[in-house]
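Taking it in order: structure first as structure tokens, then the write-up.
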Amino acid sequence: MLRPGQTIIICVIALLTLGIVMVTSAGLTIDAERAVSFEGMLTGRSMIYALAAVGLMFAASCVPVEWLRGPTSRGFSPANRVIATPATWLLLLSIVCLCLVYVGGIGKEVNGARRWVYLGPASWRLSFQPSELAKWSMVVVIATYVVHLGADRMSRFWSGLVPALVITMLVCGLIVLEDLGTAVLIGAVALFLLFAGGAKWWHIGILFPLPVAGVALAVLTSEYRMNRIESFINPYADPQDTGYHMIQSMVAVAEGHLTGRGLGHGVYKFGYLPEDTTDFLFAVICEELGIFGAALVVFLYLTLLLAAAQVIRRQSDALCRFVGLGIAATIGMQAVINLMVVTGLAPTKGIALPLLSSGGTGWMLTAACLGLLVGMDRRTAPDTQPHASREDVPAGLPALGSPV
């Protein structure tokens, strides 16, 4: 029987393989000179990114998550422990990279949005998304914060919940200017981890209007975001402009029927469906592979999340459980948001499908984080049950691993 970590590896490789095939298919053109052969697919950028992602997954599986806890020696003062904690440096690195997006000559603008940073001269065409780094760094930051404070202090308002929310709002505030969807995702995962760590729901409820007001302000002050809300309510009010994305996506999904048009035989990717290799790749999958292809994608994500849940509940270390919970929550929420957008159940936003939609930064960092789960499982006996004390595990976690 496969261990949960092995199941995660299989799901990651399967999603990346499907991603390579579908991104290549979605990128086909009618120009014969730009035709992609099988050999070209094996040596293309998507294949290189996928191999790098798999390599990072196995490398990350060798890193003990406990290392993220930082120094525990009594020779360190509390302030020095915070400074020496890897989570602190990840947070600072994320903030610096997010600020570099707005620096001329370093930040890269695509389709009117500055979400990328050049790695070297622009002629190299190498770039990465700082928001992806921030997304995964915040999982480590919030998990470390919750474990360091413990359940008692997390249940306090000013000394427990508020500092974590200030950090989260700072990071989300830097992202929301250019990428509202990722900012909402980071905020949602952070609130989920804080609640699981012992924060009281009514404390969160008191402050909840603040992020809601921030999101509303970001939407109301942006014309294209208001257009997306209006097109979500009635996409047919302006089918040639604001409602174009959503209409074309839903039509592509519907045209797939049961078995689809066949791999490579999709029509809407030829100039009809915008962002077909990234945000709306699932629509191409539905059109070419039909309901069976859509069911395969959902099955792979569900299997991945179930395997991650098995790994998490076997961990006796609180930090491992929180980091694993944050990784699983991020992938699950991101996948759900993308599927809802593509099928017309949510307003259009720039959220990619994890390990499927084209994107080197996303593939590599997502696979690396899942590698941490693989490493947790490798260092855990198959029949191990968590036996952490009540003092070690924050209040929100015993239900994840305690026997029923």
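Scheme for the structure tokens: letters A, B, ... for chains in order shown; per-chain residue numbers from 1; ligand numbers from 1 in order shown.
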Can you write out as CSV which residues of segment 300-329 of chain A fall within 10 Å of segment 171-191 of chain A, alongside each residue's closest atom pair and its distance in Å to one decimal, counting only C-alpha atoms and ordering rows by chain and ascending residue number?
```
residue,atom,partner,partner_atom,distance
A:Leu325,CA,A:Val189,CA,9.4
A:Gly326,CA,A:Val189,CA,6.7
A:Ile327,CA,A:Val189,CA,9.0
A:Ala328,CA,A:Val189,CA,9.7
A:Ala329,CA,A:Val189,CA,6.4
```
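Every protein or nucleic acid residue with an atom no more than 8 Å from Ala50 of chain A, counting only C-alpha atoms and leaving out same-chain residues fewer than 6 positions away, appears here: Leu16, Thr17, Ile20, Gly360, Trp363 and Met364 of chain A.
Across the structure, atom CA of Gly375 of chain A and atom CA of Ala14 of chain A are spaced 19.1 Å apart.
You can rank A:Val141, A:Tyr49, A:Leu161, A:Leu207 by their closest distance to Leu126 of chain A using only C-alpha atoms, and at the top of that list sits A:Tyr49.
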Given the choices A:Tyr268, A:Leu56, A:Asp377, A:Arg225, which gets closest to Val12 of chain A if the distance is worked out from only C-alpha atoms?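 Smallest distance to Val12 of chain A is found for A:Leu56.
Note that the spacing between atom CA of Gly324 of chain A and atom CA of Met340 of chain A amounts to 24.3 Å.
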Could you check how far atom CA of Gly19 of chain A sits from atom CA of Gln6 of chain A, in Å to one decimal?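 So the answer is 19.8 Å.
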Could you pull the residues within 8 Å of Leu281 of chain A, counting only C-alpha atoms, minus those fewer than 2 positions along the same chain, as a ChimeraX atom specification? /A:22-23,26,275-279,283-285,353,356-357
With only C-alpha atoms as the counted atoms, please give the residues lying no more than 8 Å from segment 91-93 of chain A, apart from itself and same-chain residues fewer than 4 positions off, as an MDAnalysis selection string. chainID A and resid 87 97 134 137:138 141
Generate the output file for the selected residues, N, CA and C atoms, as a short mmCIF file (atom, residue, chain, number, x, y, z; two decimals), in the first residue's frame.
```
data_model
loop_
_atom_site.label_atom_id
_atom_site.label_comp_id
_atom_site.auth_asym_id
_atom_site.auth_seq_id
_atom_site.Cartn_x
_atom_site.Cartn_y
_atom_site.Cartn_z
N ALA A 87 11.56 32.08 9.57
CA ALA A 87 10.32 32.74 9.17
C ALA A 87 10.50 34.26 9.09
N CYS A 97 11.08 41.78 -2.05
CA CYS A 97 10.77 41.38 -3.43
C CYS A 97 9.47 42.02 -3.91
N ALA A 134 5.72 35.27 -1.52
CA ALA A 134 5.03 35.77 -0.34
C ALA A 134 3.92 34.81 0.09
N SER A 137 5.62 31.93 1.82
CA SER A 137 6.35 32.40 3.00
C SER A 137 5.38 32.68 4.14
N MET A 138 4.21 33.22 3.82
CA MET A 138 3.25 33.54 4.87
C MET A 138 2.72 32.30 5.56
N VAL A 141 5.41 31.77 8.07
CA VAL A 141 5.40 32.86 9.06
C VAL A 141 4.26 32.68 10.06
#
```
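Neighbouring residues of Val146 of chain A at 9 Å or closer, counting only C-alpha atoms and skipping chain neighbours under 2 positions away, are Val141, Ile142, Ala143, Thr144, His148, Leu149, Gly150, Ala151, Arg153, Met154, Gly160, Ala164, Leu193, Leu194, Gly197, Gly198, Leu319, Phe322 and Pro394 of chain A.
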Run DSSP on the backbone and grab whatever in segment 44-159 of chain A lands in alpha helix (DSSP H); send it over as a ChimeraX atom specification. /A:45-60,78-84,86-100,130-154
Here is a test: counting only C-alpha atoms, which residue of A:Leu258, A:Cys369, A:Lys349, A:Phe282 is nearest to Met226 of chain A?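 Smallest distance to Met226 of chain A is found for A:Lys349.
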At a cut-off of 9 Å, using only C-alpha atoms, what residues contact segment 305-312 of chain A? Leave out same-chain residues fewer than 4 positions from it and give the result as a PyMOL selection string. chain A and resi 3-8+300-301+316+320-325+327-329+331-332+370+373-374+376-377+380+400-401
How about saving the chosen residues, C-alpha atoms kept, as an mmCIF file, in the first residue's frame?
```cif
data_model
loop_
_atom_site.group_PDB
_atom_site.id
_atom_site.type_symbol
_atom_site.label_atom_id
_atom_site.label_comp_id
_atom_site.auth_asym_id
_atom_site.auth_seq_id
_atom_site.Cartn_x
_atom_site.Cartn_y
_atom_site.Cartn_z
ATOM 1 C CA ARG A 3 2.273 5.817 1.860
ATOM 2 C CA PRO A 4 0.633 9.274 1.780
ATOM 3 C CA GLY A 5 3.942 10.867 0.783
ATOM 4 C CA GLN A 6 4.240 8.552 -2.208
ATOM 5 C CA THR A 7 0.678 9.411 -3.203
ATOM 6 C CA ILE A 8 1.605 13.106 -3.085
ATOM 7 C CA LEU A 300 -6.042 14.417 -8.638
ATOM 8 C CA TYR A 301 -6.585 17.449 -6.402
ATOM 9 C CA SER A 316 3.294 14.865 16.685
ATOM 10 C CA CYS A 320 4.868 20.305 11.209
ATOM 11 C CA ARG A 321 1.118 20.074 11.532
ATOM 12 C CA PHE A 322 0.567 23.812 11.068
ATOM 13 C CA VAL A 323 2.917 24.103 8.097
ATOM 14 C CA GLY A 324 1.254 21.087 6.481
ATOM 15 C CA LEU A 325 -2.185 22.505 7.196
ATOM 16 C CA ILE A 327 0.174 24.118 2.474
ATOM 17 C CA ALA A 328 -2.939 21.978 2.019
ATOM 18 C CA ALA A 329 -5.273 24.934 2.636
ATOM 19 C CA ILE A 331 -3.560 24.524 -2.659
ATOM 20 C CA GLY A 332 -7.167 23.609 -1.935
ATOM 21 C CA LEU A 370 4.577 19.681 -1.129
ATOM 22 C CA LEU A 373 4.937 17.105 3.306
ATOM 23 C CA VAL A 374 6.710 14.211 1.604
ATOM 24 C CA MET A 376 7.282 14.723 7.002
ATOM 25 C CA ASP A 377 5.762 11.441 5.906
ATOM 26 C CA THR A 380 7.068 9.302 10.370
ATOM 27 C CA LEU A 400 -6.996 16.943 13.409
ATOM 28 C CA GLY A 401 -5.166 13.957 14.821
#
```
Check which residues of segment 125-173 of chain A sit at most 8 Å from segment 98-118 of chain A using only C-alpha atoms, and return one row each with the closest pair of atoms and their distance in Å to one decimal, ordered by chain and rising number, as a Markdown table.
```
| residue | atom | partner | partner_atom | distance |
| --- | --- | --- | --- | --- |
| A:Arg125 | CA | A:Tyr118 | CA | 7.5 |
| A:Leu126 | CA | A:Tyr118 | CA | 6.0 |
| A:Ser127 | CA | A:Tyr118 | CA | 4.4 |
| A:Phe128 | CA | A:Trp116 | CA | 5.4 |
| A:Gln129 | CA | A:Trp116 | CA | 4.6 |
| A:Pro130 | CA | A:Leu98 | CA | 5.5 |
| A:Ser131 | CA | A:Leu98 | CA | 6.8 |
| A:Ala134 | CA | A:Leu98 | CA | 7.9 |
```
Please produce an output containing C-alpha atoms for each residue in the selection, written as a PDB file, in the first residue's frame.
```
ATOM      1  CA  ARG A 125      13.521  36.673 -20.333  1.00  0.00           C
ATOM      2  CA  LEU A 126      13.970  35.273 -16.830  1.00  0.00           C
ATOM      3  CA  SER A 127      11.547  36.504 -14.178  1.00  0.00           C
ATOM      4  CA  PHE A 128       9.636  35.358 -11.132  1.00  0.00           C
ATOM      5  CA  GLN A 129       6.526  36.396  -9.219  1.00  0.00           C
ATOM      6  CA  PRO A 130       7.231  37.799  -5.743  1.00  0.00           C
ATOM      7  CA  SER A 131       3.580  37.218  -4.818  1.00  0.00           C
ATOM      8  CA  ALA A 134       5.028  35.766  -0.338  1.00  0.00           C
TER       9      ALA A 134
END
```
All strand (DSSP E or B) residues (DSSP, backbone) inside segment 116-361 of chain A, as a list in words: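 These are the residues in question: Trp116, Val117, Tyr118, Ser127 and Phe128 of chain A.
The smallest atom-to-atom distance between Met250 of chain A and any of A:Leu210, A:Ala199, A:Leu345, A:Val267, using only C-alpha atoms, is found for A:Leu345.
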Pick from A:Phe299, A:Leu18, A:Ala60, A:Leu2: nearest to Met47 of chain A, with only C-alpha atoms counted?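 Closest candidate: A:Leu18.
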